[in-house]
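For reference, target27.cif is printed below; it contains mmCIF, C-alpha atoms.
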data_start
#
loop_
_atom_site.label_atom_id
_atom_site.label_comp_id
_atom_site.auth_asym_id
_atom_site.auth_seq_id
_atom_site.Cartn_x
_atom_site.Cartn_y
_atom_site.Cartn_z
CA MET Z 1 -0.82 6.31 -18.68
CA ILE Z 2 -4.03 4.40 -17.92
CA TYR Z 3 -3.85 0.70 -17.16
CA GLU Z 4 -6.69 -1.78 -16.96
CA VAL Z 5 -6.44 -4.42 -14.26
CA PHE Z 6 -7.94 -7.90 -14.44
CA ARG Z 7 -8.14 -10.05 -11.38
CA GLN Z 8 -8.27 -13.80 -10.83
CA GLU Z 9 -9.90 -14.69 -7.55
CA ARG Z 10 -8.92 -18.37 -7.41
CA LYS Z 11 -6.56 -20.58 -9.37
CA GLY Z 12 -8.17 -21.85 -12.56
CA GLN Z 13 -10.92 -19.22 -12.58
CA PRO Z 14 -11.25 -16.72 -15.41
CA PHE Z 15 -9.87 -13.20 -14.99
CA HIS Z 16 -12.46 -10.47 -14.51
CA HIS Z 17 -12.05 -6.75 -15.01
CA ALA Z 18 -11.25 -5.22 -11.62
CA GLY Z 19 -10.81 -1.56 -12.50
CA SER Z 20 -8.30 0.87 -13.92
CA LEU Z 21 -5.45 2.95 -12.57
CA GLU Z 22 -3.12 5.73 -13.61
CA ALA Z 23 0.64 5.13 -13.44
CA ALA Z 24 3.80 6.63 -14.91
CA ASP Z 25 5.11 3.34 -16.31
CA HIS Z 26 4.81 -0.45 -16.06
CA THR Z 27 6.72 -0.64 -12.76
CA PHE Z 28 4.45 1.89 -11.09
CA ALA Z 29 1.42 0.17 -12.59
CA GLU Z 30 2.51 -3.18 -11.14
CA THR Z 31 3.08 -1.69 -7.68
CA TYR Z 32 -0.21 0.20 -7.65
CA ALA Z 33 -2.12 -2.80 -9.00
CA LYS Z 34 -0.79 -4.95 -6.15
CA GLU Z 35 -1.76 -2.23 -3.70
CA PHE Z 36 -5.28 -1.79 -5.06
CA TYR Z 37 -6.26 -5.33 -5.99
CA GLY Z 38 -3.92 -7.75 -4.24
CA ARG Z 39 -2.85 -6.71 -0.78
CA ARG Z 40 -5.81 -8.15 1.06
CA GLY Z 41 -5.41 -11.64 -0.33
CA GLU Z 42 -8.38 -11.09 -2.65
CA SER Z 43 -6.53 -12.12 -5.82
CA GLU Z 44 -4.60 -15.13 -6.99
CA ALA Z 45 -3.13 -13.24 -9.94
CA LEU Z 46 -3.51 -9.96 -11.83
CA TRP Z 47 -3.26 -8.95 -15.48
CA VAL Z 48 -2.15 -5.34 -15.82
CA VAL Z 49 -2.62 -4.03 -19.35
CA PRO Z 50 -2.00 -0.58 -20.81
CA ARG Z 51 -5.40 0.60 -21.98
CA GLU Z 52 -3.98 1.48 -25.40
CA ALA Z 53 -2.90 -2.16 -25.90
CA ILE Z 54 -6.52 -3.27 -25.73
CA ILE Z 55 -8.27 -3.67 -29.09
CA GLU Z 56 -11.76 -2.39 -28.55
CA VAL Z 57 -14.52 -3.61 -30.85
CA GLU Z 58 -17.99 -2.21 -30.51
CA ASP Z 59 -19.43 -1.81 -33.99
CA PHE Z 60 -21.54 -4.82 -34.88
CA ALA Z 61 -23.30 -4.22 -38.20
CA ASP Z 62 -26.64 -5.97 -38.70
CA GLU Z 63 -28.15 -3.83 -41.44
CA LEU Z 64 -30.41 -6.52 -42.88
CA ASN Z 65 -31.67 -7.51 -39.47
CA ARG Z 66 -30.71 -11.14 -39.88
CA ASN Z 67 -31.86 -12.03 -36.46
CA TYR Z 68 -31.31 -15.77 -36.94
CA HIS Z 69 -27.60 -15.00 -36.23
CA ARG Z 70 -28.51 -14.13 -32.72
CA VAL Z 71 -29.53 -16.30 -29.85
CA ASP Z 72 -32.69 -14.29 -29.32
CA GLY Z 73 -33.53 -14.29 -33.02
CA TYR Z 74 -34.77 -17.86 -33.01
CA SER Z 75 -37.59 -18.45 -30.61
CA LEU Z 76 -37.61 -22.10 -29.62
CA LYS Z 77 -40.76 -21.57 -27.59
CA ALA Z 78 -42.83 -20.49 -30.63
CA LYS Z 79 -41.43 -23.30 -32.80
CA LEU Z 80 -42.20 -25.87 -30.12
CA LYS Z 81 -45.76 -24.61 -29.73
CA GLU Z 82 -46.24 -24.80 -33.47
CA ALA Z 83 -44.85 -28.36 -33.62
CA ARG Z 84 -47.07 -29.49 -30.74
CA GLU Z 85 -50.16 -28.08 -32.40
CA ARG Z 86 -49.22 -29.79 -35.66
CA ALA Z 87 -48.71 -33.10 -33.88
CA GLY Z 88 -52.04 -32.68 -32.09
CA ARG Z 89 -53.88 -32.05 -35.33
CA ALA Z 90 -52.25 -35.10 -36.95
CA LEU Z 91 -53.34 -37.24 -34.03
CA VAL Z 92 -56.93 -36.02 -34.23
CA ALA Z 93 -56.97 -36.66 -37.99
CA ARG Z 94 -55.66 -40.23 -37.52
CA ASN Z 95 -58.20 -41.06 -34.83
CA ARG Z 96 -61.00 -39.80 -36.85
CA MET M 1 16.41 -8.64 26.94
CA ASN M 2 19.58 -6.68 27.68
CA GLU M 3 19.89 -2.93 27.87
CA GLN M 4 21.44 -2.71 24.41
CA ASP M 5 18.50 -4.61 22.90
CA VAL M 6 15.96 -2.32 24.59
CA ARG M 7 17.87 0.69 23.37
CA SER M 8 18.12 -0.38 19.76
CA LEU M 9 14.52 -1.62 19.58
CA LEU M 10 13.28 1.71 20.93
CA GLU M 11 15.39 3.58 18.36
CA ILE M 12 13.78 1.61 15.55
CA ALA M 13 10.27 1.82 17.04
CA ASP M 14 10.55 5.60 17.47
CA ASP M 15 11.89 6.01 13.92
CA GLU M 16 9.01 3.95 12.53
CA LEU M 17 6.34 5.75 14.59
CA ILE M 18 7.53 9.24 13.73
CA LEU M 19 8.16 8.43 10.06
CA GLY M 20 4.73 6.80 9.87
CA TRP M 21 3.16 10.01 11.16
CA ARG M 22 5.16 12.18 8.77
CA ASP M 23 4.36 9.98 5.79
CA SER M 24 0.68 9.95 6.69
CA GLU M 25 0.67 13.74 6.25
CA TRP M 26 0.47 12.96 2.51
CA THR M 27 -2.84 11.16 2.89
CA GLY M 28 -5.34 12.97 0.69
CA ILE M 29 -2.77 15.27 -0.94
CA ALA M 30 -0.24 12.95 -2.61
CA PRO M 31 0.62 13.71 -6.28
CA LEU M 32 -1.90 11.21 -7.59
CA LEU M 33 -4.64 9.06 -6.16
CA GLU M 34 -2.83 5.77 -6.72
CA GLU M 35 0.24 7.08 -4.91
CA ASP M 36 -1.92 8.45 -2.13
CA VAL M 37 -3.22 4.96 -1.38
CA ALA M 38 0.19 3.30 -1.76
CA PHE M 39 2.04 5.81 0.41
CA SER M 40 -0.67 5.89 3.08
CA SER M 41 -0.45 2.14 3.28
CA ILE M 42 3.32 2.35 3.76
CA ALA M 43 2.78 4.91 6.53
CA GLN M 44 0.33 2.55 8.19
CA ASN M 45 2.80 -0.33 7.95
CA GLU M 46 5.50 1.74 9.65
CA ILE M 47 3.19 2.53 12.55
CA GLY M 48 2.29 -1.16 12.71
CA HIS M 49 5.98 -2.05 12.97
CA ALA M 50 6.44 0.55 15.71
CA ARG M 51 3.55 -0.98 17.63
CA ALA M 52 4.97 -4.52 17.41
CA LEU M 53 8.40 -3.32 18.53
CA TYR M 54 6.96 -1.26 21.41
CA GLU M 55 4.95 -4.29 22.54
CA LEU M 56 8.08 -6.40 22.69
CA VAL M 57 9.98 -3.79 24.70
CA ALA M 58 6.93 -2.96 26.86
CA ARG M 59 6.63 -6.56 28.06
CA ASP M 60 10.25 -6.41 29.15
CA LEU M 61 9.92 -3.04 30.88
CA GLY M 62 6.53 -3.82 32.45
CA THR M 63 4.68 -1.08 30.59
CA THR M 64 2.45 -0.88 27.49
CA ALA M 65 3.05 -0.05 23.84
CA ASP M 66 0.76 3.00 24.06
CA GLU M 67 2.61 4.38 27.06
CA LEU M 68 5.94 4.00 25.25
CA ALA M 69 4.57 5.53 22.08
CA PHE M 70 2.68 8.48 23.54
CA ASP M 71 3.41 9.11 27.20
CA ARG M 72 7.09 9.97 27.01
CA THR M 73 8.18 13.58 26.63
CA PRO M 74 9.59 14.60 23.22
CA ASP M 75 13.18 14.66 24.51
CA GLU M 76 12.88 11.02 25.58
CA TYR M 77 12.31 9.80 22.03
CA ARG M 78 15.23 8.08 20.31
CA CYS M 79 14.27 8.79 16.69
CA SER M 80 16.71 10.30 14.22
CA ARG M 81 16.51 13.82 12.86
CA LEU M 82 15.80 12.44 9.40
CA VAL M 83 12.31 11.23 10.34
CA GLU M 84 11.18 14.11 12.53
CA LEU M 85 11.32 16.83 9.87
CA ARG M 86 8.14 17.94 8.21
CA LEU M 87 8.84 17.71 4.47
CA PRO M 88 6.02 19.24 2.44
CA ASP M 89 7.86 18.67 -0.87
CA TRP M 90 7.27 15.36 -2.58
CA GLU M 91 10.85 15.00 -3.87
CA LYS M 92 12.19 15.47 -0.34
CA THR M 93 9.71 13.00 1.07
CA ILE M 94 10.79 10.45 -1.54
CA ALA M 95 14.48 11.20 -0.86
CA ARG M 96 13.90 10.55 2.84
CA HIS M 97 11.88 7.42 2.06
CA TYR M 98 14.73 6.08 -0.10
CA LEU M 99 17.47 6.89 2.44
CA TYR M 100 15.43 5.50 5.31
CA GLU M 101 14.58 2.22 3.59
CA GLU M 102 18.23 1.71 2.64
CA ALA M 103 19.44 2.25 6.21
CA ASP M 104 16.52 0.37 7.73
CA ALA M 105 17.23 -2.69 5.57
CA ALA M 106 20.74 -3.00 7.04
CA ARG M 107 19.42 -2.51 10.56
CA ILE M 108 16.64 -5.10 10.18
CA GLU M 109 19.15 -7.53 8.67
CA ARG M 110 21.28 -7.25 11.84
CA LEU M 111 18.20 -7.70 14.02
CA LYS M 112 17.30 -10.90 12.16
CA GLU M 113 20.60 -12.33 13.46
CA SER M 114 19.69 -11.54 17.08
CA ALA M 115 20.31 -14.26 19.67
CA ASP M 116 16.85 -13.49 21.09
CA PRO M 117 14.42 -15.58 18.99
CA GLU M 118 11.54 -13.13 19.60
CA ILE M 119 13.56 -10.20 18.26
CA ALA M 120 14.84 -12.22 15.30
CA GLY M 121 11.31 -13.45 14.52
CA LEU M 122 9.77 -10.00 14.63
CA ALA M 123 12.60 -8.61 12.48
CA ALA M 124 11.93 -11.28 9.84
CA LYS M 125 8.23 -10.43 9.87
CA ILE M 126 8.90 -6.70 9.53
CA ASP M 127 11.42 -7.36 6.76
CA ARG M 128 8.78 -9.10 4.64
CA GLU M 129 6.70 -5.89 4.61
CA GLU M 130 9.72 -3.65 4.22
CA ALA M 131 10.61 -5.54 1.04
CA TYR M 132 7.55 -3.95 -0.52
CA HIS M 133 8.58 -0.51 0.77
CA ARG M 134 12.01 -0.97 -0.79
CA ILE M 135 10.47 -1.78 -4.19
CA HIS M 136 8.36 1.36 -3.88
CA ALA M 137 11.36 3.51 -2.88
CA GLN M 138 13.54 2.07 -5.65
CA MET M 139 10.89 2.70 -8.28
CA TRP M 140 10.64 6.36 -7.30
CA PHE M 141 14.43 6.65 -7.10
CA ASP M 142 14.75 5.35 -10.67
CA ARG M 143 12.15 7.84 -11.82
CA LEU M 144 13.64 10.90 -10.07
CA LYS M 145 17.37 10.12 -10.08
CA ASP M 146 18.13 12.69 -12.80
CA GLU M 147 16.04 15.45 -11.22
CA PRO M 148 18.37 17.99 -9.59
CA ARG M 149 15.81 18.85 -6.88
CA PHE M 150 15.72 15.18 -5.90
CA THR M 151 19.50 14.62 -5.92
CA VAL M 152 20.07 17.76 -3.87
CA ALA M 153 17.49 16.58 -1.34
CA LEU M 154 19.21 13.19 -1.19
CA GLU M 155 22.57 14.77 -0.37
CA GLU M 156 21.10 17.14 2.23
CA LEU M 157 19.04 14.52 3.99
CA ARG M 158 21.76 11.87 3.92
CA LEU M 159 23.61 13.92 6.57
CA LEU M 160 20.67 13.46 8.95
CA LEU M 161 20.65 9.66 8.84
CA ASP M 162 21.15 8.26 12.33
CA SER M 163 21.76 11.78 13.70
CA GLY M 164 20.18 13.76 16.51
CA ARG M 165 18.94 10.83 18.56
CA ASP M 166 19.84 12.62 21.82
CA GLU M 167 18.76 16.10 20.86
CA HIS M 168 15.67 16.88 18.80
CA THR M 169 14.48 19.75 16.64
CA PRO M 170 11.32 21.74 17.44
CA ALA M 171 9.69 19.74 14.61
CA LEU M 172 9.47 16.73 16.91
CA SER M 173 7.81 18.71 19.72
CA GLU M 174 5.25 20.06 17.24
CA LEU M 175 4.52 16.58 15.97
CA TRP M 176 4.33 15.24 19.52
CA GLU M 177 1.73 17.88 20.40
CA GLU M 178 -0.45 16.73 17.48
CA MET M 179 0.22 13.06 18.02
CA THR M 180 -0.67 12.99 21.70
CA MET M 181 -3.36 15.68 21.75
CA VAL M 182 -6.35 13.35 22.00
CA ARG M 183 -4.63 11.11 24.51
CA ARG M 184 -3.61 14.04 26.71
CA SER M 185 -7.13 15.48 26.61
CA GLN M 186 -8.46 12.52 28.59
CA PRO M 187 -8.02 11.94 32.33
CA ALA M 188 -5.05 9.80 33.32
CA GLY M 189 -5.89 6.11 33.49
CA THR M 190 -8.41 6.27 30.60
CA LYS M 191 -8.79 2.87 28.94
CA TRP M 192 -8.39 3.20 25.17
#
For this file, write the structure as structure tokens.
Amino acid sequence: MIYEVFRQERKGQPFHHAGSLEAADHTFAETYAKEFYGRRGESEALWVVPREAIIEVEDFADELNRNYHRVDGYSLKAKLKEARERAGRALVARNR
Amino acid sequence: MNEQDVRSLLEIADDELILGWRDSEWTGIAPLLEEDVAFSSIAQNEIGHARALYELVARDLGTTADELAFDRTPDEYRCSRLVELRLPDWEKTIARHYLYEEADAARIERLKESADPEIAGLAAKIDREEAYHRIHAQMWFDRLKDEPRFTVALEELRLLLDSGRDEHTPALSELWEEMTMVRRSQPAGTKW
């Protein structure tokens, strides 16, 4: 069975994926995980998870290309430039 | 350190050194990569324990750990027959590992009670690493306990526990040849 191992470097920090290992059961997985990711004092704690227990999601439909849902879909830079130009024109008009 | 202490520390040190060498024969060819790393690390620990024990005895005898480990003749070693055998079958290796850890635990426990604080301290240190070896041995025992090849190996090898300390098999001489080859190839007095 394949297990995925997540490692916490210091207390309070988030767990990051460290790697995977093959083991016959949970006990072997725990022992091997300690051996691979914990014996040199490099980890505060480990999460050892059977790969099949992980729900993998990778299909993100965006058929209509509604890019305003995404961070990169809304360019603040362009909007700012536009607003500045508008403000500049208004100022010129008022001073006229 | 009295004569009895020297004797029993050398027995343990020799057991650990020889077993460490035998276990390290699995490096690169263990049943799976994860086990290869785990078992190699156990082998390394055993040799580390041997070194610490030799150092303690060496100070008392006015010699060095290396000289005790490598410059004696094979018949001067005090290891048991159990550890000197070459066991190219995984189930036999695990049977030996299990039997050894069980017996070693009792021995280390006695050493922790030693009146000599240095011996007791070292035993406690070694025991903390051996605890991990025992978990490893137990986990394999649980997995193989219903396999006839494993149970037969356990029964056969159990007879060799603590045996043959005065008289060794040719397996030890062969191992000694390999183990000391590099050291013997250099002129006497070489600083390592």
Gap from CA of Glu67 in chain M to CA of Ile12 in chain M - Å, one decimal: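 One can read the CA of Glu67 in chain M to CA of Ile12 in chain M distance as 16.3 Å.
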Which residues match the PyMOL selection byres ((chain M and resi 61) around 12) in the file above, as an MDAnalysis selection string? chainID M and resid 1:3 5:7 10 54:60 62:65 67:68
Counting only C-alpha atoms, which residues of chain M come no farther than 12 Å from chain Z, as a PyMOL selection string? chain M and resi 31-42+129+132-144
Can you pull out every residue within 7 Å of Phe15 in chain Z, counting only C-alpha atoms, but drop anything in the same chain fewer than 3 positions away, and send it as an mmCIF file with C-alpha atoms, in the frame of the given file?
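Once everything was written out, this is selection-v3.cif:
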data_model
loop_
_atom_site.group_PDB
_atom_site.id
_atom_site.type_symbol
_atom_site.label_atom_id
_atom_site.label_comp_id
_atom_site.auth_asym_id
_atom_site.auth_seq_id
_atom_site.Cartn_x
_atom_site.Cartn_y
_atom_site.Cartn_z
ATOM 1 C CA PHE Z 6 -7.940 -7.900 -14.440
ATOM 2 C CA ARG Z 7 -8.140 -10.050 -11.380
ATOM 3 C CA GLN Z 8 -8.270 -13.800 -10.830
#
Write out as a PyMOL selection string the residues lying within 12 Å of Asp23 in chain M, counting only C-alpha atoms and excluding same-chain residues fewer than 5 positions away. chain M and resi 15-18+28-30+35-47+83-90+92-94+96-97+100
If you apply the PyMOL selection byres ((chain Z and resi 19) around 9) to this file, what residues do you get, as a list of chain:residue names? Z:Tyr3, Z:Glu4, Z:Val5, Z:Phe6, Z:Arg7, Z:His17, Z:Ala18, Z:Ser20, Z:Leu21, Z:Tyr37
In Å to one decimal, how far is CA of Thr73 in chain M from CA of Arg183 in chain M?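 Separation between CA of Arg183 in chain M and CA of Thr73 in chain M: 13.2 Å.
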Name every residue that the PyMOL selection byres ((chain M and resi 163-180) around 6) selects in this structure, writing the answer as an MDAnalysis selection string with chains first and numbers rising. chainID M and resid 70 74 78:81 84:85 160:162 181:184
For CA of Glu130 in chain M and CA of Asp104 in chain M, the interatomic separation in Å (one decimal): 8.6 Å
Can you list, as an MDAnalysis selection string, every protein, DNA or RNA residue that comes within 6 Å of range 42-45 of chain Z when you count all atoms listed in the file, leaving out same-chain residues fewer than 2 positions away? chainID Z and resid 8:10 38 40
Find the residues with any atom within 6 Å of (16.0, -9.4, 12.2); use all atoms listed in the file and the coordinates as given in the file, and write the answer as a ChimeraX atom specification. /M:108-113,120,123-124
Need a file for range 24-55 of chain Z from that block: C-alpha atoms, written as a CSV table (one decimal), in the first residue's frame.
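Written output follows (decode.csv):
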chain,number,residue,atom,x,y,z
Z,24,ALA,CA,2.4,-3.5,4.2
Z,25,ASP,CA,0.1,-1.9,6.8
Z,26,HIS,CA,-0.3,1.1,9.1
Z,27,THR,CA,2.3,-0.1,11.6
Z,28,PHE,CA,5.0,-0.5,8.9
Z,29,ALA,CA,4.0,2.8,7.5
Z,30,GLU,CA,4.5,4.5,10.8
Z,31,THR,CA,7.9,2.9,11.4
Z,32,TYR,CA,9.1,3.7,7.9
Z,33,ALA,CA,7.8,7.3,8.1
Z,34,LYS,CA,9.7,7.9,11.3
Z,35,GLU,CA,12.8,6.4,9.7
Z,36,PHE,CA,12.5,8.5,6.5
Z,37,TYR,CA,11.2,11.8,7.8
Z,38,GLY,CA,11.8,12.0,11.5
Z,39,ARG,CA,15.0,10.4,12.7
Z,40,ARG,CA,17.2,13.4,12.2
Z,41,GLY,CA,15.1,15.7,14.3
Z,42,GLU,CA,13.8,17.4,11.1
Z,43,SER,CA,10.1,17.0,12.0
Z,44,GLU,CA,7.9,18.0,14.9
Z,45,ALA,CA,5.1,15.7,13.8
Z,46,LEU,CA,4.1,13.6,10.8
Z,47,TRP,CA,0.7,12.8,9.2
Z,48,VAL,CA,0.8,9.4,7.5
Z,49,VAL,CA,-2.2,8.9,5.2
Z,50,PRO,CA,-3.0,6.0,2.9
Z,51,ARG,CA,-3.0,7.4,-0.6
Z,52,GLU,CA,-6.5,5.9,-1.2
Z,53,ALA,CA,-7.9,7.9,1.7
Z,54,ILE,CA,-7.0,11.1,0.0
Z,55,ILE,CA,-9.8,12.7,-2.1
